[in-house]
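Down below is the structure, laid out as structure tokens.
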Protein chains: 2
Amino acid sequence: MEIAELAGRIVAGDRRALARAITLVESRRADHRAQAAELIEDLRVRSDAQAIRIGLSGTPGVGKSTFIESFGMMLLAQGLRVAVLAVDPSSARSGGSILGDKTRMERLSREPGAFIRPSPSQTHLGGVARRTREAVALCEAAGFDVVLIETVGVGQSETVVAEMSDLFVLLLAPAGGDELQGVKRGIMEMADLILVNKADGDLKPAAMRTQADYAGALRLLRKRPQDPEGYPKAVCVSALQEDGLAKAWEDMRHLVDWRRETGHFEGRRAEQARYWFAQEVRHALLAQLETPQARAQMDDLARAVAEGQITPTVAATRMMEDLRGD
Amino acid sequence: MEIAELAGRIVAGDRRALARAITLVESRRADHRAQAAELIEDLRVRSDAQAIRIGLSGTPGVGKSTFIESFGMMLLAQGLRVAVLAVDPSSARSGGSILGDKTRMERLSREPGAFIRPSPSQTHLGGVARRTREAVALCEAAGFDVVLIETVGVGQSETVVAEMSDLFVLLLAPAGGDELQGVKRGIMEMADLILVNKADGDLKPAAMRTQADYAGALRLLRKRPQDPEGYPKAVCVSALQEDGLAKAWEDMRHLVDWRRETGHFEGRRAEQARYWFAQEVRHALLAQLETPQARAQMDDLARAVAEGQITPTVAATRMMEDLRGD
Ligand SMILES: Nc1nc2c(ncn2[C@@H]2O[C@H](COP(=O)(O)OP(=O)(O)OP(=O)(O)O)[C@@H](O)[C@H]2O)c(=O)[nH]1
Ligand SMILES: Nc1nc2c(ncn2[C@@H]2O[C@H](COP(=O)(O)OP(=O)(O)OP(=O)(O)O)[C@@H](O)[C@H]2O)c(=O)[nH]1
Ligand SMILES: [Mg+2]
Ligand SMILES: [Mg+2]
């Protein structure tokens with residue numbers, strides 16, 4: 001299929017075309033990369049559809065999949081279309097992946113208004129980030145109203161997800177004791193909304209205590225210019241009982257509306273596009289080392305370095321000369 | 001001064017020449033970088049002196065400075081020459097820096113057989129790592145028997161230090177409770193020797209308990225080919241009372257001797273040199289973005305990207321064409 005035709009079908013809402021396009025952006029083949037770039041450029045010109053990009057993170061078992069299922073179904077009931085993408089920080093994650101999760105998102109995955117895509121397969125986080133960013137752009141052009149980008153929280157991947165989201169949601173479990181859970185300060189500072197999940201049954205009192213603790217902790221953070229009064233905020237939800245989800249969505253909408261009015265929404269997108277550009281350049285520079293020729297030369301020089309025949313610095317200089325074709 | 005002359009003086013043990021050379025390798029000026037490379041290459045040919053490179057890490061206040069002072073003085077008393085370098089993970093660390101520490105290493109800093117150098121000033125960790133690696137090479141060529149590379153433990157910098165050390169020592173404080181302290185598994189796995197410091201006075205029982213806990217934890221780790229029987233190990237010391245230091249040094253020597261005999265010592269160095277080389281190449285590739293011309297072009301493209309006139313990917317392609325001079 002021609003790229004232009006693919007673009008046309010995506011914009012027309014053809015899900016198979018979207019799935020195919022995501023496969024294209026996920027490919028590492030050079031010709032596919034070129035086609036992917038062409039496609040995204042084509043879509044940029046063709047469509048100015050704008051989704052709300054929601055980053056969602058939380059430790060394993062906190063209820064991300066359950067939340068996405070319930071929250072997604074609620075959005076669909078409101079007439080909104082929802083895409084779900086994932087950034088998987090581990091190269092070989094065992095279980096709990098969004099793919100295996102289709103069972104846990106059983107209802108959502110069968111809905112025509114929903115689109116669920118697992119994390120691109122194992123490579124370094126930078127590569128996953130890049131392909132997910134492109135997949136977000138594709139979903140956006142395909143007319144989805146909300147794009148949820150999930151990641152399991154292990155430090156680095158949250159940052160990656162926050163960098164491609166309009167709004168970052170942190171899902172927490174009710175705390176056992178009275179201490180704040182081991183949420184790193186840096187992660188908390190990225191959150192626009194903290195959802196304490198499992199606020200149901202036995203766990204409800206603990207969830208409410210946790211919510212109060214985090215609300216307090218958030219008040220201690222420095223006020224950010226991109227936040228309306230009362231944000232970032234912490235609220236309780238139950239993904240299982242579908243409780244508090246409408247309110248959480250209202251809170252997200254309020255934040256987004258406010259940011260749109262004050263220009264922070266577009267400002268953040270512009271900032272992200274700049275960042276993505278810089279990342280792409282860095283990636284392209286380093287990709288020069290991935291050709292068979294460059295690899296062979298790197299291997300030869302590395303051997304000489306390991307044998308002490310040449311210093312690492314001199315070897316690096318020689319490699320650079322080679323790359324430049326001197 | 002000519003580079004060859006500088007190299008000659010360093011090898012002859014001239015401390016001022018060494019200090020000057022370290023300043024040279026720390027410089028970011030292109031001409032200085034070239035001279036630094038030349039110097040290190042010259043020294044490689046001129047000298048095959050080999051120090052024992054000891055990486056030392058621990059949380060703030062655990063007693064790193066006190067340990068270095070006591071341990072360094074003990075080594076000097078054995079007729080060994082000691083250089084102390086630091087890798088500071090934070091860009092603007094307040095207090096506790098090895099420089100301010102000269103008061104805490106008062107005796108050592110006055111000894112003619114000792115050389116203490118603070119961490120190169122604030123930049124990203126990669127830059128500090130690179131310059132510290134070169135400083136290690138200089139100290140080695142200058143005939144120091146032991147090079148101690150200190151870092152305060154915050155996760156990433158330990159890895160950087162371990163990567164330039166022959167042996168990695170983790171300093172721990174006596175634990176309050178019966179739980180293992182918040183030492184990340186990854187850090188523990190890097191340690192060749194764990195020293196539980198402050199095993200004196202009131203703290204002695206806690207230190208012994210902590211030592212036993214860690215000895216147990218270390219036994220649970222997978223046996224590594226580069227370890228003789230009984231390693232990695234955990235022992236108690238008191239830097240303040242200079243207790244257990246001779247034994248710790250014996251343990252280090254035993255490890256180093258064993259690794260030398262079995263080829264693991266040279267193997268590790270070769271591995272590190274390979275790694276350093278790869279890092280240098282990556283660094284040089286990315287440095288192409290630092291010229292005034294490249295910066296200006298990046299700024300222009302970033303602006304167009306932020307305004308949505310062009311996708312990040314297309315902009316990156318254009319930047320790459322520019323760099324290649326297409
Ligand atoms: N009580 C209660 N249990 C919940 C809730 N949400 C999720 N759970 C349960 O928590 C467990 C983990 O839920 P998941 O949705 O798989 O959690 P996850 O965050 O996706 O986990 P990973 O995919 O492994 O990272 C399941 O047994 C869910 O049924 C909730 O709101 N209340
Ligand atoms: N009791 C006891 N106190 C010690 C010992 N070693 C260090 N201390 C004390 O612990 C405190 C911190 O020691 P430093 O040597 O400055 O610790 P550090 O690890 O260098 O700290 P930073 O430079 O801030 O990272 C000082 O008050 C020392 O006197 C020891 O062996 N026993
Ligand atoms: Mg899940
Ligand atoms: Mg200190």
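Chain identifiers are assigned as A, B, and so on, following the order in which chains appear in the structure tokens; residues are numbered from 1 within each chain, and ligands are numbered from 1 in order of appearance.
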
> Within 7 Å of chain B, which residues of chain A show up when using only C-alpha atoms, listed as a list of chain:residue names?
Replying inline: A:Ala37, A:Glu41, A:Ala270, A:Glu271, A:Ala273, A:Arg274, A:Trp276, A:Phe277, A:Glu280, A:Val281, A:Arg282, A:Leu285, A:Leu286, A:Ala302, A:Val305, A:Ala306, A:Glu307, A:Thr311, A:Pro312, A:Thr313, A:Val314, A:Ala315, A:Ala316, A:Met320

>> Show me which residues are within 6 Å of ligand 1 counting only C-alpha atoms and all ligand atoms, and format the list as JSON, numbers by chain.
In response: {"A": [59, 60, 61, 62, 63, 64, 65, 66, 96, 97, 152, 197, 198, 200, 238, 239, 240]}

> Expressed in Å to a single decimal, how great is the separation between CA of Tyr231 in chain B and CA of Ile187 in chain B?
Replying inline: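 Result for CA of Tyr231 in chain B versus CA of Ile187 in chain B: 15.4 Å, one decimal.
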
If we count only C-alpha atoms and set the cut-off at 12 Å, which residues sit around Lys204 in chain A, ignoring sequence neighbours fewer than 3 positions away in its own chain? Please answer as a PDB file with N, CA and C atoms, in the first residue's frame.
```pdb
ATOM      1  N   ALA A 173      -1.257   2.080  45.579  1.00  0.00           N
ATOM      2  CA  ALA A 173      -2.038   1.154  46.393  1.00  0.00           C
ATOM      3  C   ALA A 173      -2.210   1.752  47.788  1.00  0.00           C
ATOM      4  N   PRO A 174      -3.208   1.331  48.503  1.00  0.00           N
ATOM      5  CA  PRO A 174      -3.342   1.757  49.898  1.00  0.00           C
ATOM      6  C   PRO A 174      -2.094   1.322  50.663  1.00  0.00           C
ATOM      7  N   ALA A 175      -1.550   2.227  51.494  1.00  0.00           N
ATOM      8  CA  ALA A 175      -0.317   1.910  52.213  1.00  0.00           C
ATOM      9  C   ALA A 175      -0.623   1.059  53.425  1.00  0.00           C
ATOM     10  N   GLY A 176       0.319   0.186  53.761  1.00  0.00           N
ATOM     11  CA  GLY A 176       0.137  -0.656  54.929  1.00  0.00           C
ATOM     12  C   GLY A 176       0.218   0.151  56.213  1.00  0.00           C
ATOM     13  N   VAL A 196      -5.368   6.821  44.362  1.00  0.00           N
ATOM     14  CA  VAL A 196      -5.162   5.714  45.285  1.00  0.00           C
ATOM     15  C   VAL A 196      -6.239   4.682  44.965  1.00  0.00           C
ATOM     16  N   ASN A 197      -5.805   3.581  44.391  1.00  0.00           N
ATOM     17  CA  ASN A 197      -6.728   2.556  43.908  1.00  0.00           C
ATOM     18  C   ASN A 197      -7.073   1.565  45.024  1.00  0.00           C
ATOM     19  N   LYS A 198      -8.048   0.733  44.744  1.00  0.00           N
ATOM     20  CA  LYS A 198      -8.499  -0.318  45.674  1.00  0.00           C
ATOM     21  C   LYS A 198      -9.184   0.279  46.904  1.00  0.00           C
ATOM     22  N   ALA A 199      -9.768   1.463  46.716  1.00  0.00           N
ATOM     23  CA  ALA A 199     -10.502   2.080  47.824  1.00  0.00           C
ATOM     24  C   ALA A 199     -11.873   1.411  47.907  1.00  0.00           C
ATOM     25  N   ASP A 200     -11.852   0.168  48.317  1.00  0.00           N
ATOM     26  CA  ASP A 200     -13.096  -0.591  48.447  1.00  0.00           C
ATOM     27  C   ASP A 200     -12.931  -1.635  49.544  1.00  0.00           C
ATOM     28  N   GLY A 201     -14.050  -2.124  50.057  1.00  0.00           N
ATOM     29  CA  GLY A 201     -14.044  -3.183  51.070  1.00  0.00           C
ATOM     30  C   GLY A 201     -13.112  -2.863  52.230  1.00  0.00           C
ATOM     31  N   ALA A 207      -6.925   3.171  52.161  1.00  0.00           N
ATOM     32  CA  ALA A 207      -6.854   3.980  50.946  1.00  0.00           C
ATOM     33  C   ALA A 207      -7.099   5.449  51.276  1.00  0.00           C
ATOM     34  N   MET A 208      -8.077   5.705  52.144  1.00  0.00           N
ATOM     35  CA  MET A 208      -8.387   7.083  52.485  1.00  0.00           C
ATOM     36  C   MET A 208      -7.238   7.741  53.255  1.00  0.00           C
ATOM     37  N   ARG A 209      -6.616   6.961  54.129  1.00  0.00           N
ATOM     38  CA  ARG A 209      -5.469   7.473  54.871  1.00  0.00           C
ATOM     39  C   ARG A 209      -4.324   7.786  53.897  1.00  0.00           C
ATOM     40  N   THR A 210      -4.111   6.853  52.987  1.00  0.00           N
ATOM     41  CA  THR A 210      -3.037   7.052  52.010  1.00  0.00           C
ATOM     42  C   THR A 210      -3.307   8.292  51.156  1.00  0.00           C
ATOM     43  N   GLN A 211      -4.570   8.427  50.746  1.00  0.00           N
ATOM     44  CA  GLN A 211      -4.951   9.587  49.940  1.00  0.00           C
ATOM     45  C   GLN A 211      -4.651  10.882  50.705  1.00  0.00           C
ATOM     46  N   CYS A 236      -9.190   9.058  45.754  1.00  0.00           N
ATOM     47  CA  CYS A 236      -9.386   7.609  45.861  1.00  0.00           C
ATOM     48  C   CYS A 236     -10.228   7.091  44.692  1.00  0.00           C
ATOM     49  N   VAL A 237      -9.911   5.908  44.226  1.00  0.00           N
ATOM     50  CA  VAL A 237     -10.764   5.238  43.240  1.00  0.00           C
ATOM     51  C   VAL A 237     -10.813   3.743  43.557  1.00  0.00           C
ATOM     52  N   SER A 238     -11.783   3.096  42.985  1.00  0.00           N
ATOM     53  CA  SER A 238     -11.780   1.635  42.958  1.00  0.00           C
ATOM     54  C   SER A 238     -11.983   1.209  41.519  1.00  0.00           C
ATOM     55  N   GLN A 241     -14.515  -1.778  41.471  1.00  0.00           N
ATOM     56  CA  GLN A 241     -15.924  -1.449  41.650  1.00  0.00           C
ATOM     57  C   GLN A 241     -16.346  -0.250  40.803  1.00  0.00           C
ATOM     58  N   ASP A 243     -15.545   2.816  40.920  1.00  0.00           N
ATOM     59  CA  ASP A 243     -15.936   3.888  41.821  1.00  0.00           C
ATOM     60  C   ASP A 243     -14.935   5.042  41.715  1.00  0.00           C
TER      61      ASP A 243
END
```
